[in-house]
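Peer 1: Provided herewith: run_8.cif, mmCIF, C-alpha atoms.
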```
data_start
#
loop_
_atom_site.label_atom_id
_atom_site.label_comp_id
_atom_site.auth_asym_id
_atom_site.auth_seq_id
_atom_site.Cartn_x
_atom_site.Cartn_y
_atom_site.Cartn_z
CA MET X 16 12.74 -20.85 -18.34
CA ARG X 17 16.10 -19.14 -18.09
CA ARG X 18 18.81 -20.48 -20.42
CA GLY X 19 21.21 -22.68 -18.47
CA ALA X 20 18.64 -23.69 -15.87
CA LYS X 21 18.41 -27.42 -15.32
CA ILE X 22 15.32 -29.35 -14.28
CA LEU X 23 15.32 -33.08 -14.11
CA PRO X 24 13.39 -34.84 -16.92
CA PRO X 25 10.78 -37.49 -16.04
CA VAL X 26 13.26 -40.34 -16.65
CA ALA X 27 15.77 -38.83 -14.20
CA ARG X 28 13.05 -38.19 -11.60
CA GLY X 29 11.95 -41.80 -11.97
CA LEU X 30 15.53 -42.95 -11.48
CA LEU X 31 15.85 -40.87 -8.30
CA ALA X 32 12.60 -42.34 -7.00
CA TRP X 33 13.96 -45.83 -7.67
CA ILE X 34 17.21 -44.98 -5.85
CA ASN X 35 15.20 -43.70 -2.88
CA ALA X 36 13.20 -46.92 -2.76
CA GLN X 37 16.39 -48.98 -2.87
CA LEU X 38 17.91 -46.96 -0.03
CA LYS X 39 14.82 -47.53 2.10
CA ARG X 40 14.88 -51.24 1.38
CA ALA X 41 18.62 -51.51 1.99
CA LEU X 42 18.61 -49.58 5.26
CA PRO X 43 15.11 -49.91 6.71
CA GLY X 44 13.61 -49.65 10.11
CA TYR X 45 16.35 -48.16 12.31
CA CYS X 46 17.12 -44.66 13.58
CA ALA X 47 20.26 -43.23 11.96
CA PHE X 48 21.39 -41.87 15.34
CA CYS X 49 20.52 -44.39 18.06
CA TRP X 50 19.56 -47.46 15.97
CA ALA X 51 16.20 -47.79 17.69
CA PRO X 52 13.40 -49.28 15.54
CA VAL X 53 11.47 -46.63 13.59
CA ALA X 54 8.31 -46.57 11.51
CA ASP X 55 6.70 -44.40 8.82
CA GLY X 56 9.79 -44.52 6.60
CA VAL X 57 11.68 -41.75 8.43
CA PRO X 58 15.37 -42.31 9.25
CA TRP X 59 15.11 -41.17 12.88
CA CYS X 60 13.12 -41.90 16.01
CA ALA X 61 10.91 -39.29 17.65
CA ASP X 62 13.29 -38.80 20.59
CA CYS X 63 16.35 -38.20 18.40
CA HIS X 64 14.42 -35.83 16.13
CA ALA X 65 13.28 -33.82 19.15
CA GLU X 66 16.82 -33.71 20.57
CA MET X 67 18.47 -32.46 17.38
CA PRO X 68 20.19 -29.06 17.84
CA TRP X 69 17.41 -27.12 16.14
CA ASN X 70 18.19 -23.50 15.30
CA ARG X 71 14.70 -22.25 16.13
CA SER X 72 15.65 -18.82 17.49
CA ALA X 73 17.91 -17.30 14.86
CA CYS X 74 18.46 -14.20 12.75
CA GLY X 75 16.30 -14.28 9.65
CA LEU X 76 19.09 -12.81 7.49
CA CYS X 77 22.22 -14.69 8.59
CA ALA X 78 20.77 -17.55 10.71
CA GLU X 79 23.01 -16.62 13.66
CA PRO X 80 21.63 -18.45 16.75
CA LEU X 81 20.06 -15.94 19.15
CA PRO X 82 19.01 -16.24 22.80
CA SER X 83 16.03 -18.58 22.96
CA ALA X 84 14.19 -16.13 25.21
CA LEU X 85 13.76 -13.72 22.31
CA PRO X 86 10.20 -13.75 20.92
CA GLY X 87 9.37 -14.27 17.26
CA SER X 88 10.12 -16.74 14.51
CA MET X 89 13.37 -17.60 12.79
CA VAL X 90 12.35 -15.49 9.80
CA ALA X 91 11.31 -12.38 11.78
CA LEU X 92 14.29 -11.98 14.12
CA ARG X 93 17.35 -9.88 13.27
CA CYS X 94 20.75 -9.92 14.96
CA GLY X 95 22.63 -6.74 15.81
CA ARG X 96 25.20 -7.28 13.05
CA CYS X 97 22.53 -7.54 10.35
CA LEU X 98 20.67 -4.52 11.70
CA ARG X 99 23.87 -2.47 11.39
CA HIS X 100 25.06 -3.95 8.10
CA PRO X 101 22.29 -5.80 6.19
CA PRO X 102 23.74 -8.62 4.04
CA ALA X 103 23.09 -9.15 0.33
CA GLN X 104 20.56 -11.95 0.92
CA THR X 105 16.96 -11.21 1.78
CA ALA X 106 16.41 -14.30 3.97
CA ALA X 107 18.23 -17.25 5.49
CA TRP X 108 17.03 -20.75 6.36
CA VAL X 109 19.43 -22.88 8.37
CA PRO X 110 17.32 -25.14 10.57
CA LEU X 111 20.05 -26.74 12.71
CA ARG X 112 23.14 -25.71 14.67
CA TYR X 113 26.51 -27.25 13.84
CA GLU X 114 26.80 -29.06 17.15
CA GLY X 115 26.83 -32.58 18.56
CA ARG X 116 25.33 -35.19 16.26
CA MET X 117 25.07 -32.72 13.37
CA ILE X 118 28.87 -32.41 13.28
CA ARG X 119 29.24 -36.18 13.03
CA LEU X 120 26.48 -36.51 10.43
CA ILE X 121 27.84 -33.77 8.15
CA GLN X 122 31.42 -35.01 8.45
CA ARG X 123 30.33 -38.56 7.56
CA TYR X 124 28.73 -37.22 4.40
CA LYS X 125 31.28 -34.55 3.48
CA PHE X 126 34.53 -36.41 4.12
CA SER X 127 33.51 -40.08 3.85
CA ALA X 128 30.97 -39.75 1.01
CA ASP X 129 28.38 -41.52 3.19
CA ALA X 130 25.25 -41.57 1.00
CA ARG X 131 22.94 -42.41 3.88
CA ALA X 132 24.24 -39.45 5.90
CA GLY X 133 23.53 -37.23 2.88
CA GLU X 134 20.02 -38.63 2.58
CA VAL X 135 19.35 -37.99 6.28
CA LEU X 136 20.50 -34.38 5.82
CA ILE X 137 18.08 -33.96 2.91
CA ARG X 138 15.21 -35.44 4.92
CA LEU X 139 15.99 -33.20 7.92
CA MET X 140 15.97 -30.13 5.70
CA LEU X 141 12.66 -31.10 4.07
CA SER X 142 11.09 -31.80 7.47
CA SER X 143 12.01 -28.27 8.62
CA PHE X 144 10.05 -26.47 5.90
CA GLY X 145 6.82 -24.79 6.91
CA SER X 146 4.70 -21.79 6.10
CA SER X 147 7.60 -19.44 6.92
CA ILE X 148 9.92 -20.83 4.25
CA GLU X 149 9.13 -21.95 0.73
CA PRO X 150 12.05 -22.19 -1.72
CA ALA X 151 11.05 -20.73 -5.08
CA GLY X 152 12.47 -19.89 -8.49
CA ALA X 153 15.64 -21.98 -8.67
CA LEU X 154 18.39 -23.47 -6.51
CA ILE X 155 22.05 -22.50 -6.92
CA GLY X 156 24.70 -24.52 -5.11
CA VAL X 157 27.98 -23.00 -3.96
CA PRO X 158 30.50 -24.18 -6.60
CA GLY X 159 33.10 -26.55 -5.21
CA GLN X 160 36.84 -26.00 -5.36
CA ARG X 161 38.12 -27.86 -8.43
CA GLU X 162 41.17 -29.38 -6.74
CA ARG X 163 39.26 -30.35 -3.59
CA THR X 164 36.47 -31.89 -5.67
CA ARG X 165 38.99 -33.98 -7.60
CA GLN X 166 40.60 -35.16 -4.37
CA GLN X 167 37.27 -36.12 -2.76
CA GLY X 168 35.88 -37.64 -5.94
CA PHE X 169 32.57 -35.75 -5.83
CA ASP X 170 31.08 -32.30 -5.27
CA HIS X 171 29.12 -32.71 -2.04
CA THR X 172 27.26 -29.38 -2.33
CA ALA X 173 26.22 -30.06 -5.94
CA TRP X 174 24.83 -33.47 -4.91
CA LEU X 175 22.81 -31.96 -2.05
CA THR X 176 21.51 -29.18 -4.29
CA GLN X 177 20.40 -31.62 -6.99
CA ARG X 178 18.67 -33.85 -4.42
CA LEU X 179 16.85 -30.92 -2.82
CA ALA X 180 15.83 -29.61 -6.25
CA ALA X 181 14.43 -33.02 -7.22
CA HIS X 182 12.30 -33.16 -4.05
CA LEU X 183 11.12 -29.55 -4.46
CA GLU X 184 10.65 -29.87 -8.26
CA LEU X 185 12.74 -26.75 -8.87
CA PRO X 186 15.41 -26.13 -11.53
CA VAL X 187 19.10 -25.91 -10.70
CA ILE X 188 21.20 -23.03 -12.05
CA GLU X 189 24.95 -23.43 -11.97
CA ALA X 190 27.21 -20.69 -10.68
CA GLU X 191 30.93 -20.56 -11.39
CA ARG X 192 34.00 -19.62 -9.41
CA SER X 193 35.66 -16.56 -10.90
CA ARG X 194 38.81 -17.58 -9.04
CA GLU X 195 40.00 -20.39 -6.82
CA THR X 196 40.16 -19.46 -3.13
CA PRO X 197 42.17 -20.93 -0.25
CA SER X 198 40.29 -22.98 2.33
CA GLN X 199 38.21 -20.98 4.80
CA ARG X 200 39.20 -23.33 7.61
CA GLY X 201 40.97 -21.52 10.45
CA LEU X 202 40.20 -18.01 9.16
CA ASP X 203 38.41 -15.38 11.24
CA ARG X 204 35.29 -13.54 10.08
CA ILE X 205 37.11 -10.67 8.36
CA SER X 206 39.60 -12.96 6.62
CA ARG X 207 36.79 -15.24 5.41
CA ARG X 208 34.94 -12.32 3.87
CA ARG X 209 38.09 -11.07 2.16
CA ASN X 210 38.95 -14.58 0.94
CA VAL X 211 35.70 -15.07 -0.98
CA LYS X 212 35.07 -11.50 -2.11
CA ARG X 213 34.04 -11.50 -5.80
CA ALA X 214 34.77 -15.23 -5.95
CA PHE X 215 31.60 -16.22 -7.87
CA ARG X 216 29.75 -15.30 -11.02
CA VAL X 217 26.44 -16.28 -12.56
CA ALA X 218 26.05 -16.11 -16.33
CA GLY X 219 22.86 -14.76 -17.85
CA ARG X 220 19.78 -13.35 -16.21
CA LEU X 221 18.33 -14.95 -13.07
CA PRO X 222 14.66 -15.25 -12.09
CA ALA X 223 13.38 -12.86 -9.45
CA SER X 224 13.73 -15.40 -6.62
CA VAL X 225 16.56 -17.87 -6.08
CA THR X 226 17.92 -19.94 -3.20
CA VAL X 227 21.64 -20.52 -2.77
CA VAL X 228 22.68 -23.73 -1.03
CA ASP X 229 25.67 -24.88 1.03
CA ASP X 230 26.10 -27.61 3.64
CA VAL X 231 27.33 -25.53 6.62
CA MET X 232 27.07 -21.79 7.23
CA THR X 233 29.95 -20.61 9.41
CA THR X 234 30.22 -16.81 9.19
CA GLY X 235 28.02 -16.63 6.08
CA ALA X 236 30.80 -15.04 3.98
CA THR X 237 30.69 -17.67 1.21
CA LEU X 238 26.91 -17.68 0.89
CA GLU X 239 26.76 -13.88 0.93
CA SER X 240 29.41 -13.66 -1.78
CA LEU X 241 27.29 -15.92 -3.99
CA ALA X 242 24.18 -13.93 -3.02
CA ILE X 243 25.91 -10.75 -4.25
CA ALA X 244 26.63 -12.46 -7.59
CA CYS X 245 22.96 -13.49 -7.81
CA ARG X 246 21.75 -9.96 -7.11
CA GLU X 247 24.07 -8.65 -9.81
CA ALA X 248 22.57 -11.22 -12.20
CA GLY X 249 19.07 -9.85 -11.61
CA ALA X 250 17.68 -11.80 -8.63
CA GLU X 251 15.61 -9.58 -6.35
CA ASN X 252 15.01 -12.09 -3.55
CA VAL X 253 17.91 -14.33 -2.51
CA THR X 254 17.47 -16.88 0.27
CA VAL X 255 20.60 -18.53 1.64
CA MET X 256 20.11 -22.10 2.80
CA ALA X 257 22.31 -24.58 4.64
CA PHE X 258 21.78 -27.55 6.90
CA ALA X 259 23.60 -26.24 9.96
CA ARG X 260 24.92 -22.94 11.35
CA THR X 261 28.09 -22.58 13.39
CA PRO X 262 27.38 -20.31 16.40
CA SER X 263 29.61 -17.22 16.36
CA THR X 264 31.06 -18.14 19.75
CA ARG X 265 32.90 -21.00 17.99
CA ILE X 266 34.30 -18.92 15.10
#
```
Represent the structure from my file as structure tokens, please.
Peer 2:
Amino acid sequence: MRRGAKILPPVARGLLAWINAQLKRALPGYCAFCWAPVADGVPWCADCHAEMPWNRSACGLCAEPLPSALPGSMVALRCGRCLRHPPAQTAAWVPLRYEGRMIRLIQRYKFSADARAGEVLIRLMLSSFGSSIEPAGALIGVPGQRERTRQQGFDHTAWLTQRLAAHLELPVIEAERSRETPSQRGLDRISRRRNVKRAFRVAGRLPASVTVVDDVMTTGATLESLAIACREAGAENVTVMAFARTPSTRI
């Protein structure tokens, strides 16, 4: 295993399993969205799960939502921008659109440190996996801004990455920020790309396949910048992964 890679030891995995059991016991039996009774240990009812803003017709490289009339799977489709200028990553998996209830769910987790909202995000991501996507190698979370992390009291992307890695039984490799960058909020696509250019580095040699993780993919500039750093560190296949994608019409 690559030096610096982290995989949870049996004691830590047991602790996470215990925490999961406590969460289920503490908040059992009700949909996280409509509070209807639920069964089978899932935190949503069938109706709410079906009505989630699923990103089923999307570019396989940048996850940009595409017209639903287009044939093919999320992995096979390509948008015009990626056909003209292929990004550094070799695949993207962002199963939901940043709309409606997903906005509220992510904001509850990201800005209010709502652990249940974070757990629901993890479960939604895991439920979206199928034969077309199978994270492999290692997970690498987008490093948080130091000042913002201190203000919020936790690194929300690191927590999500560790939780996903524990479920998938994959190691976590830590990337670093080579420089602090201003917030991306309010910037257009070109400014976002310029803002995070060469902003990350990965020490040592990476395995052939890695998956980089963030909570929301807006233009994809941050995830692509980290994907470039991963390719420079030896990764041949880089999948970018997030929970929700902001449609370009809202950027």
Peer 1: Given only C-alpha atoms as the basis, pick out the residue of X:Leu81, X:Val228, X:Val255, X:Val135 nearest to X:Gly159.
Peer 2: X:Val228
Peer 1: Between X:Pro80, X:Gly115, X:Pro68, X:Pro158, which is the closest to X:Thr233 once you count only C-alpha atoms?
Peer 2: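 The closest residue to X:Thr233 is X:Pro80.
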Peer 1: Find the residues around stretch 170-173 of chain X up to 12 Å (all atoms listed in the file counted), leave out those fewer than 3 positions away in its own chain, and share them as a VMD selection string.
Peer 2: chain X and resid 121 to 130 132 to 134 136 to 137 154 to 167 176 to 180 187 to 191 227 to 231 256 to 258
Peer 1: Record the distance separating atom CA of X:Arg96 and atom CA of X:Val217, expressed in Å with one decimal.
Peer 2: 27.2 Å
Peer 1: I'd like the contact shell of stretch 99-108 of chain X - 9 Å cut-off, all atoms listed in the file, skipping same-chain residues fewer than 4 positions apart - returned as a list in words.
Peer 2: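 The residues satisfying every condition are Cys74, Gly75, Leu76, Cys77, Ala78, Met89, Val90, Cys94, Gly95, Ile148, Leu238, Glu239, Ser240, Ala242, Ile243, Arg246, Glu251, Asn252, Val253, Thr254, Val255, Met256, Ala257 and Phe258 of chain X.
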Peer 1: In Å, rounded to a single decimal, give me how far atom CA of X:Val225 is from atom CA of X:Glu184.
Peer 2: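 Between atom CA of X:Glu184 and atom CA of X:Val225 the gap works out to 13.6 Å.
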Peer 1: Would you write out, as a PDB file with C-alpha atoms, in the frame of the given file, every residue that the PyMOL selection byres ((chain X and resi 55-62) around 8) captures in this file?
Peer 2:
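Written output follows (part02.pdb):
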```pdb
ATOM      1  CA  LYS X  39      14.820 -47.530   2.100  1.00  0.00           C
ATOM      2  CA  PRO X  43      15.110 -49.910   6.710  1.00  0.00           C
ATOM      3  CA  GLY X  44      13.610 -49.650  10.110  1.00  0.00           C
ATOM      4  CA  TYR X  45      16.350 -48.160  12.310  1.00  0.00           C
ATOM      5  CA  CYS X  46      17.120 -44.660  13.580  1.00  0.00           C
ATOM      6  CA  ALA X  47      20.260 -43.230  11.960  1.00  0.00           C
ATOM      7  CA  PHE X  48      21.390 -41.870  15.340  1.00  0.00           C
ATOM      8  CA  ALA X  51      16.200 -47.790  17.690  1.00  0.00           C
ATOM      9  CA  PRO X  52      13.400 -49.280  15.540  1.00  0.00           C
ATOM     10  CA  VAL X  53      11.470 -46.630  13.590  1.00  0.00           C
ATOM     11  CA  ALA X  54       8.310 -46.570  11.510  1.00  0.00           C
ATOM     12  CA  CYS X  63      16.350 -38.200  18.400  1.00  0.00           C
ATOM     13  CA  HIS X  64      14.420 -35.830  16.130  1.00  0.00           C
ATOM     14  CA  ALA X  65      13.280 -33.820  19.150  1.00  0.00           C
ATOM     15  CA  GLU X  66      16.820 -33.710  20.570  1.00  0.00           C
ATOM     16  CA  VAL X 135      19.350 -37.990   6.280  1.00  0.00           C
TER      17      VAL X 135
END
```
Peer 1: Restricting the calculation to only C-alpha atoms, which member of X:Pro262, X:Glu79, X:Leu221, X:Met232 is positioned closest to X:Gly249?
Peer 2: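 Using only C-alpha atoms, X:Gly249 sits closest to X:Leu221.
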